[in-house]
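Participant: Quick one: this structure, given as structure tokens, is what I'll be asking you about.
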Amino acid sequence: MSVRELRSFLSGEWRSGAGPEQILRDATSGGPVACFRSGGHDIGAALAWGRTRGGPALRRLTFRARGELVASLATALRDVRPELLEIARTYGATAADARRDVDGGLFTLAYYGRLGAKALPEAGFLLDGAVEPLSRKGGFAGRHILVPRHGIAVQINAYNFPCWGPLEKLGPALLAGVPSLVKPATRAALLTCHLVEAIVESGILPNGSISLLVGSGADLLDHLESQDAVLFTGSAETGRAIRSHPRVVAEAVRVNVEADSLNASVLGPDAAPGTPVRAAFLREIRSEMSAKAGQKCTAIRRALVPESEVDSIAAEVRGVVEELRVGAPSDPETDVGPLVDPDAVRAARDGLTELLAEADVIAGDPDAPLPAGAFFPPLALRLRDGGAAARVNSVEVFGPLVTLMPYRSADEAAAICAAGGGSLVTSVFSNDAAFLAEVTTAIAPWNGRVMTVSGRALAEHSGHGVAVPQLLHGGPGRAGGGEELGGLRALHPFLNRCAVQGDPETLRELFPDGAA
Ligand code: NAP
């Protein structure tokens, strides 16, 4: 693959930055794959271009027409799927990882296209609830409507899903009638740049609907206005910096944060060795360690098992980890590819050192020889003691690592889950209805999603780590407190909810029931 120059697409033009040349390297070979220059752009003008060109052009269309636009875009992007899958290798994605990112992104965009084209009205507003009477005689009433905001959606993405991340935000923003500026994580910017280039070249979106910023987003927030929205995916630390940015605070800019999360999976006390539910639990551990080499915000970091079963499960997990084949993403035999770059390996090693103060390695070898490249060995740890007070509830190792944590009761299992401080997802594997009910109810306040897997769900469940567009993706507390996806709820950051008052007849004339 030749070294590609990455440029930003701002104010309708492809532009190089002004800073020193920076190089992006292949996660496996370390060879250069792309170069770019950061900074030197007029960000204020670029955001204004989106607001004044893209916004009005999108708002001229009805919600349904925008759905058709999104559906056409999803169809057109299928043409670049092979190129996107190929580029994904450069940041360490195996063929399966690349499909998760690329096919997952195209599927999510297509989902929003279908939803808009079928479920949304030929209107410029959405109704939110019925006409509410406000006076005794019925001559005065109110009704909530949802209308597109006049700002721009600034999306700041993490490196692990450079295709799915931008598309799952772009679909809802376009449906809502709001233009976007996409800022990819620098480490995996090559794939997002190729994607945005394909979107621009398709000519499907009105001028101004999409912009791209390559490189640092340091001054991006300085130019935000009150109708804008920031959609951030990344670490909790960066999320906090964005949320507390003076301009964001002063302009009351809407911010949605999807941050790191110490997700858990709980095996019920009834799941004896050899039962299908226990086998499913082990399969999810395997899948979450190998998918994207554990660099997934939803990955299982903490595996909670009944204390009496820890030894036997440790032996089974050892079998799972020892089977994982680490290698080049291009090798079809590889289960676990490299991390995105050497910095990610260093961060994972630092986290491992912290965890080893309270846990022992039960599977894998931290010092095993690895192929050349940004590799980290798949490892399973076993917590010595500490339960809800242990550091594994707060230290994220963004790689193929899981820690077994013993629990003695449903109460304790729930307390350990909650000690993560807010998670994107927890899965519970059990056929014991009382245990499922107790744990699910207790942990729901700490999770964006809880996946229960009893025998009846075994054949069809979608997987612990899979964010589906029909359901909420996000989580409270440490997970960022944000909400993405979840069907039409995903449009809410881009819409203004307005309570319109008047006499009921006028309200029905302005906003007829059948229209939306
Ligand atoms: P990160 O270091 O927080 O960076 C995320 C994004 O923020 C990047 O685009 C980065 O740009 C940008 N950024 C950094 N500082 C900024 C600032 N001051 N102003 C504006 N933008 C700024 O996270 P990462 O290392 O890319 O991703 C890994 C983390 O993301 C993990 O902790 C993982 O758990 C989390 N994650 C969460 C989800 C979720 O849905 N909850 C999904 C995926 C990943 P540069 O790349 O140019 O520095």
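Every chain in the structure tokens takes a letter, A first, then B, and so on in the order presented; its residues are numbered from 1, and the ligands are numbered from 1 following the presented order.
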What do you get as an mmCIF file with N, CA, C and O atoms, in the first residue's frame if you pick all residues at most 9 Å from ligand 1, counting only C-alpha atoms and all ligand atoms?
Facilitator:
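The file below, out_8.cif, is the result:
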```cif
data_model
loop_
_atom_site.group_PDB
_atom_site.id
_atom_site.type_symbol
_atom_site.label_atom_id
_atom_site.label_comp_id
_atom_site.auth_asym_id
_atom_site.auth_seq_id
_atom_site.Cartn_x
_atom_site.Cartn_y
_atom_site.Cartn_z
ATOM 1 N N GLN A 155 -18.458 15.561 15.470
ATOM 2 C CA GLN A 155 -18.220 14.226 16.032
ATOM 3 C C GLN A 155 -16.731 13.987 16.198
ATOM 4 O O GLN A 155 -15.946 14.194 15.285
ATOM 5 N N ILE A 156 -16.360 13.590 17.410
ATOM 6 C CA ILE A 156 -14.957 13.312 17.742
ATOM 7 C C ILE A 156 -14.892 11.817 18.069
ATOM 8 O O ILE A 156 -15.523 11.363 19.020
ATOM 9 N N ASN A 157 -14.151 11.077 17.249
ATOM 10 C CA ASN A 157 -14.232 9.614 17.327
ATOM 11 C C ASN A 157 -12.998 8.969 17.941
ATOM 12 O O ASN A 157 -11.901 9.520 17.893
ATOM 13 N N ALA A 158 -13.203 7.752 18.468
ATOM 14 C CA ALA A 158 -12.090 6.946 18.987
ATOM 15 C C ALA A 158 -11.466 6.157 17.837
ATOM 16 O O ALA A 158 -12.034 6.060 16.750
ATOM 17 N N TYR A 159 -10.295 5.570 18.091
ATOM 18 C CA TYR A 159 -9.575 4.916 16.997
ATOM 19 C C TYR A 159 -10.076 3.508 16.683
ATOM 20 O O TYR A 159 -9.778 2.959 15.632
ATOM 21 N N ASN A 160 -10.850 2.912 17.591
ATOM 22 C CA ASN A 160 -11.105 1.479 17.428
ATOM 23 C C ASN A 160 -12.204 1.152 16.406
ATOM 24 O O ASN A 160 -12.242 0.045 15.900
ATOM 25 N N PHE A 161 -13.081 2.101 16.124
ATOM 26 C CA PHE A 161 -14.115 1.844 15.099
ATOM 27 C C PHE A 161 -14.148 3.023 14.118
ATOM 28 O O PHE A 161 -15.079 3.829 14.123
ATOM 29 N N GLY A 165 -17.948 4.119 13.894
ATOM 30 C CA GLY A 165 -18.075 5.310 14.757
ATOM 31 C C GLY A 165 -18.654 6.508 14.017
ATOM 32 O O GLY A 165 -19.679 7.063 14.429
ATOM 33 N N LYS A 183 -14.312 14.336 13.051
ATOM 34 C CA LYS A 183 -12.894 14.334 13.426
ATOM 35 C C LYS A 183 -12.533 12.911 13.856
ATOM 36 O O LYS A 183 -12.925 12.445 14.926
ATOM 37 N N PRO A 184 -11.766 12.206 13.002
ATOM 38 C CA PRO A 184 -11.370 10.846 13.381
ATOM 39 C C PRO A 184 -10.240 10.886 14.401
ATOM 40 O O PRO A 184 -9.509 11.887 14.481
ATOM 41 N N ALA A 185 -10.081 9.798 15.167
ATOM 42 C CA ALA A 185 -8.882 9.674 15.997
ATOM 43 C C ALA A 185 -7.701 9.596 15.047
ATOM 44 O O ALA A 185 -7.749 8.879 14.041
ATOM 45 N N THR A 186 -6.655 10.325 15.356
ATOM 46 C CA THR A 186 -5.539 10.424 14.415
ATOM 47 C C THR A 186 -4.976 9.043 14.076
ATOM 48 O O THR A 186 -4.652 8.759 12.914
ATOM 49 N N ARG A 187 -4.919 8.156 15.074
ATOM 50 C CA ARG A 187 -4.240 6.870 14.868
ATOM 51 C C ARG A 187 -4.898 6.002 13.797
ATOM 52 O O ARG A 187 -4.257 5.145 13.220
ATOM 53 N N ALA A 188 -6.206 6.175 13.571
ATOM 54 C CA ALA A 188 -6.873 5.346 12.553
ATOM 55 C C ALA A 188 -7.563 6.233 11.518
ATOM 56 O O ALA A 188 -8.583 5.861 10.935
ATOM 57 N N ALA A 189 -6.972 7.410 11.260
ATOM 58 C CA ALA A 189 -7.637 8.396 10.399
ATOM 59 C C ALA A 189 -7.709 7.959 8.938
ATOM 60 O O ALA A 189 -8.607 8.383 8.207
ATOM 61 N N VAL A 214 -8.686 16.416 9.758
ATOM 62 C CA VAL A 214 -7.612 15.455 10.024
ATOM 63 C C VAL A 214 -6.624 16.091 10.998
ATOM 64 O O VAL A 214 -6.274 17.256 10.854
ATOM 65 N N GLY A 215 -6.194 15.302 11.978
ATOM 66 C CA GLY A 215 -5.188 15.799 12.931
ATOM 67 C C GLY A 215 -5.831 16.321 14.192
ATOM 68 O O GLY A 215 -6.993 16.018 14.492
ATOM 69 N N SER A 216 -5.086 17.122 14.916
ATOM 70 C CA SER A 216 -5.529 17.571 16.239
ATOM 71 C C SER A 216 -6.841 18.354 16.182
ATOM 72 O O SER A 216 -7.069 19.161 15.285
ATOM 73 N N GLY A 217 -7.660 18.108 17.199
ATOM 74 C CA GLY A 217 -8.913 18.862 17.295
ATOM 75 C C GLY A 217 -8.833 19.865 18.428
ATOM 76 O O GLY A 217 -9.860 20.262 18.984
ATOM 77 N N ALA A 218 -7.588 20.277 18.754
ATOM 78 C CA ALA A 218 -7.368 21.104 19.941
ATOM 79 C C ALA A 218 -8.236 22.366 19.961
ATOM 80 O O ALA A 218 -8.784 22.711 21.003
ATOM 81 N N ASP A 219 -8.339 23.083 18.798
ATOM 82 C CA ASP A 219 -9.096 24.344 18.835
ATOM 83 C C ASP A 219 -10.521 24.191 18.277
ATOM 84 O O ASP A 219 -11.226 25.181 18.085
ATOM 85 N N LEU A 220 -10.922 22.951 18.056
ATOM 86 C CA LEU A 220 -12.239 22.691 17.461
ATOM 87 C C LEU A 220 -13.367 23.237 18.327
ATOM 88 O O LEU A 220 -14.347 23.801 17.837
ATOM 89 N N LEU A 221 -13.208 23.084 19.637
ATOM 90 C CA LEU A 221 -14.303 23.437 20.534
ATOM 91 C C LEU A 221 -14.415 24.947 20.744
ATOM 92 O O LEU A 221 -15.458 25.447 21.168
ATOM 93 N N PHE A 232 -18.973 12.742 21.292
ATOM 94 C CA PHE A 232 -17.614 12.286 21.573
ATOM 95 C C PHE A 232 -17.595 10.808 21.922
ATOM 96 O O PHE A 232 -18.413 10.335 22.711
ATOM 97 N N THR A 233 -16.632 10.076 21.356
ATOM 98 C CA THR A 233 -16.352 8.699 21.760
ATOM 99 C C THR A 233 -14.865 8.615 22.063
ATOM 100 O O THR A 233 -14.035 8.991 21.231
ATOM 101 N N GLY A 234 -14.526 8.116 23.237
ATOM 102 C CA GLY A 234 -13.105 8.003 23.583
ATOM 103 C C GLY A 234 -12.933 7.777 25.066
ATOM 104 O O GLY A 234 -13.823 7.225 25.721
ATOM 105 N N SER A 235 -11.812 8.225 25.571
ATOM 106 C CA SER A 235 -11.506 7.945 26.978
ATOM 107 C C SER A 235 -12.297 8.875 27.901
ATOM 108 O O SER A 235 -12.681 9.988 27.516
ATOM 109 N N ALA A 236 -12.498 8.409 29.136
ATOM 110 C CA ALA A 236 -13.235 9.206 30.116
ATOM 111 C C ALA A 236 -12.531 10.541 30.361
ATOM 112 O O ALA A 236 -13.182 11.582 30.513
ATOM 113 N N GLU A 237 -11.201 10.507 30.322
ATOM 114 C CA GLU A 237 -10.433 11.726 30.605
ATOM 115 C C GLU A 237 -10.697 12.801 29.542
ATOM 116 O O GLU A 237 -10.982 13.961 29.862
ATOM 117 N N THR A 238 -10.620 12.409 28.266
ATOM 118 C CA THR A 238 -10.889 13.392 27.208
ATOM 119 C C THR A 238 -12.350 13.838 27.275
ATOM 120 O O THR A 238 -12.659 15.016 27.062
ATOM 121 N N GLY A 239 -13.237 12.900 27.586
ATOM 122 C CA GLY A 239 -14.657 13.240 27.707
ATOM 123 C C GLY A 239 -14.871 14.347 28.743
ATOM 124 O O GLY A 239 -15.625 15.295 28.511
ATOM 125 N N ALA A 241 -12.659 16.559 29.702
ATOM 126 C CA ALA A 241 -12.073 17.822 29.206
ATOM 127 C C ALA A 241 -13.047 18.496 28.236
ATOM 128 O O ALA A 241 -13.212 19.730 28.253
ATOM 129 N N ILE A 242 -13.717 17.716 27.410
ATOM 130 C CA ILE A 242 -14.656 18.291 26.433
ATOM 131 C C ILE A 242 -15.869 18.879 27.152
ATOM 132 O O ILE A 242 -16.288 20.011 26.887
ATOM 133 N N HIS A 245 -15.052 22.170 28.783
ATOM 134 C CA HIS A 245 -14.428 23.213 27.959
ATOM 135 C C HIS A 245 -15.221 24.522 28.125
ATOM 136 O O HIS A 245 -16.464 24.516 28.043
ATOM 137 N N VAL A 257 -21.333 11.984 25.524
ATOM 138 C CA VAL A 257 -20.048 11.322 25.753
ATOM 139 C C VAL A 257 -20.240 9.812 25.855
ATOM 140 O O VAL A 257 -21.050 9.329 26.645
ATOM 141 N N GLU A 258 -19.496 9.094 25.021
ATOM 142 C CA GLU A 258 -19.415 7.627 25.112
ATOM 143 C C GLU A 258 -17.987 7.328 25.516
ATOM 144 O O GLU A 258 -17.068 7.461 24.705
ATOM 145 N N ALA A 259 -17.783 6.945 26.766
ATOM 146 C CA ALA A 259 -16.410 6.823 27.245
ATOM 147 C C ALA A 259 -16.065 5.383 27.578
ATOM 148 O O ALA A 259 -16.862 4.476 27.378
ATOM 149 N N ASP A 260 -14.849 5.203 28.114
ATOM 150 C CA ASP A 260 -14.426 3.843 28.429
ATOM 151 C C ASP A 260 -15.275 3.275 29.553
ATOM 152 O O ASP A 260 -15.921 3.997 30.300
ATOM 153 N N SER A 261 -15.279 1.967 29.663
ATOM 154 C CA SER A 261 -16.246 1.341 30.541
ATOM 155 C C SER A 261 -15.733 -0.028 30.948
ATOM 156 O O SER A 261 -15.200 -0.759 30.122
ATOM 157 N N LEU A 262 -15.850 -0.354 32.234
ATOM 158 C CA LEU A 262 -15.355 -1.647 32.730
ATOM 159 C C LEU A 262 -16.523 -2.619 32.815
ATOM 160 O O LEU A 262 -17.094 -2.854 33.884
ATOM 161 N N GLN A 295 -9.845 -4.333 22.019
ATOM 162 C CA GLN A 295 -9.944 -2.859 21.968
ATOM 163 C C GLN A 295 -11.380 -2.454 21.629
ATOM 164 O O GLN A 295 -11.645 -1.826 20.608
ATOM 165 N N LYS A 296 -12.287 -2.870 22.467
ATOM 166 C CA LYS A 296 -13.707 -2.552 22.255
ATOM 167 C C LYS A 296 -14.241 -1.940 23.533
ATOM 168 O O LYS A 296 -14.009 -2.474 24.625
ATOM 169 N N CYS A 297 -14.997 -0.872 23.378
ATOM 170 C CA CYS A 297 -15.537 -0.191 24.559
ATOM 171 C C CYS A 297 -16.480 -1.094 25.337
ATOM 172 O O CYS A 297 -16.691 -0.900 26.525
ATOM 173 N N THR A 298 -17.061 -2.097 24.658
ATOM 174 C CA THR A 298 -18.037 -2.979 25.308
ATOM 175 C C THR A 298 -17.414 -4.287 25.790
ATOM 176 O O THR A 298 -18.124 -5.150 26.306
ATOM 177 N N ALA A 299 -16.118 -4.472 25.611
ATOM 178 C CA ALA A 299 -15.485 -5.766 25.915
ATOM 179 C C ALA A 299 -15.671 -6.141 27.385
ATOM 180 O O ALA A 299 -15.795 -5.281 28.257
ATOM 181 N N ALA A 344 -0.356 2.141 22.454
ATOM 182 C CA ALA A 344 -1.475 1.377 23.027
ATOM 183 C C ALA A 344 -0.938 0.180 23.806
ATOM 184 O O ALA A 344 -1.486 -0.193 24.853
ATOM 185 N N GLU A 396 -8.807 0.381 33.294
ATOM 186 C CA GLU A 396 -9.147 -0.220 32.002
ATOM 187 C C GLU A 396 -7.871 -0.636 31.275
ATOM 188 O O GLU A 396 -7.005 0.193 31.022
ATOM 189 N N VAL A 397 -7.755 -1.924 30.961
ATOM 190 C CA VAL A 397 -6.683 -2.377 30.066
ATOM 191 C C VAL A 397 -7.343 -2.569 28.707
ATOM 192 O O VAL A 397 -8.160 -3.476 28.524
ATOM 193 N N PHE A 398 -6.992 -1.685 27.759
ATOM 194 C CA PHE A 398 -7.679 -1.691 26.462
ATOM 195 C C PHE A 398 -6.977 -2.693 25.539
ATOM 196 O O PHE A 398 -6.254 -2.336 24.618
ATOM 197 N N SER A 423 -21.426 1.336 33.395
ATOM 198 C CA SER A 423 -20.901 0.537 32.272
ATOM 199 C C SER A 423 -21.824 0.632 31.069
ATOM 200 O O SER A 423 -23.010 0.949 31.186
ATOM 201 N N LEU A 424 -21.251 0.312 29.919
ATOM 202 C CA LEU A 424 -22.063 0.253 28.703
ATOM 203 C C LEU A 424 -22.947 -0.980 28.715
ATOM 204 O O LEU A 424 -24.093 -0.939 28.297
ATOM 205 N N ALA A 467 -23.224 -3.546 19.805
ATOM 206 C CA ALA A 467 -24.163 -2.428 19.934
ATOM 207 C C ALA A 467 -25.100 -2.471 18.729
ATOM 208 O O ALA A 467 -24.643 -2.375 17.591
ATOM 209 N N HIS A 473 -27.101 2.673 23.022
ATOM 210 C CA HIS A 473 -25.677 2.427 23.262
ATOM 211 C C HIS A 473 -25.165 3.609 24.072
ATOM 212 O O HIS A 473 -25.206 4.747 23.627
ATOM 213 N N GLY A 474 -24.688 3.312 25.262
ATOM 214 C CA GLY A 474 -24.225 4.374 26.152
ATOM 215 C C GLY A 474 -24.289 3.829 27.556
ATOM 216 O O GLY A 474 -24.590 2.652 27.759
ATOM 217 N N GLY A 475 -24.010 4.640 28.510
ATOM 218 C CA GLY A 475 -24.087 4.151 29.881
ATOM 219 C C GLY A 475 -23.851 5.287 30.851
ATOM 220 O O GLY A 475 -23.267 6.309 30.491
ATOM 221 N N ALA A 479 -19.104 5.465 32.042
ATOM 222 C CA ALA A 479 -19.334 5.210 30.608
ATOM 223 C C ALA A 479 -19.656 6.496 29.852
ATOM 224 O O ALA A 479 -19.837 6.470 28.628
ATOM 225 N N GLY A 480 -19.749 7.617 30.551
ATOM 226 C CA GLY A 480 -19.887 8.902 29.881
ATOM 227 C C GLY A 480 -21.219 9.577 30.095
ATOM 228 O O GLY A 480 -21.383 10.768 29.859
ATOM 229 N N GLY A 482 -23.811 9.167 28.311
ATOM 230 C CA GLY A 482 -24.427 9.510 27.025
ATOM 231 C C GLY A 482 -25.401 8.453 26.541
ATOM 232 O O GLY A 482 -25.522 7.376 27.119
ATOM 233 N N GLU A 484 -26.551 6.895 22.668
ATOM 234 C CA GLU A 484 -26.544 6.880 21.198
ATOM 235 C C GLU A 484 -27.457 5.763 20.736
ATOM 236 O O GLU A 484 -27.894 4.927 21.537
#
```
Participant: Need to verify the contact set: A:Gly116, 8 Å, only C-alpha atoms, exclusion of same-chain residues closer than 6 positions in sequence. Can you return it as a list of chain:residue names?
Facilitator: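 Listing them by chain and then by number gives A:Phe63, A:Arg64, A:Ala65, A:Arg66, A:Gly67, A:Glu68, A:Leu175.
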Participant: Determine the nearest neighbour of A:Ser287 from the options A:Asp331, A:Asp228, A:Glu323, A:Glu5, counting only C-alpha atoms.
Facilitator: A:Glu323
Participant: I'd like to know which of A:Pro338, A:Leu126, A:Val321, A:Val395 is closest to A:Leu355, using only C-alpha atoms.
Facilitator: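 Closest residue, counting only C-alpha atoms: A:Val395.
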Participant: Taking the DSSP secondary structure from the backbone, can you list the residues of stretch 38-261 of chain A that are strand (DSSP E), as a count of residues only?
Facilitator: 37
Participant: Give me, as a PyMOL selection string, the residues of stretch 236-465 of chain A that a backbone DSSP run labels alpha helix (DSSP H).
Facilitator: chain A and resi 236-243+246-250+276-290+310-323+342-355+410-418+433-443
Participant: Find the residues near A:Phe9: any atom within 6 Å, counting only C-alpha atoms, skip ones fewer than 2 places away on the same chain, and give them as a list of chain:residue names.
Facilitator: A:Glu13, A:Trp14, A:Ser211, A:Leu212
Participant: Any chance you can output those residues with C-alpha atoms as a PDB file, in the first residue's frame?
Facilitator:
```
ATOM      1  CA  GLU A  13     -12.455  22.007  -0.263  1.00  0.00           C
ATOM      2  CA  TRP A  14      -9.779  19.391   0.323  1.00  0.00           C
ATOM      3  CA  SER A 211     -16.770  18.098   6.669  1.00  0.00           C
ATOM      4  CA  LEU A 212     -13.651  16.275   7.806  1.00  0.00           C
TER       5      LEU A 212
END
```
Participant: Quick one: distance from atom CA of A:Leu267 to atom CA of A:Leu304 in Å, one decimal?
Facilitator: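 Between atom CA of A:Leu267 and atom CA of A:Leu304 the gap is 6.2 Å.
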Participant: Residues at most 12 Å from stretch 29-36 of chain A, counting only C-alpha atoms, excluding those fewer than 4 positions away in the same chain, as a PyMOL selection string?
Facilitator: chain A and resi 1-8+15-25+87-92+186-191+193-194+213-216+327-330+338-342+371-375
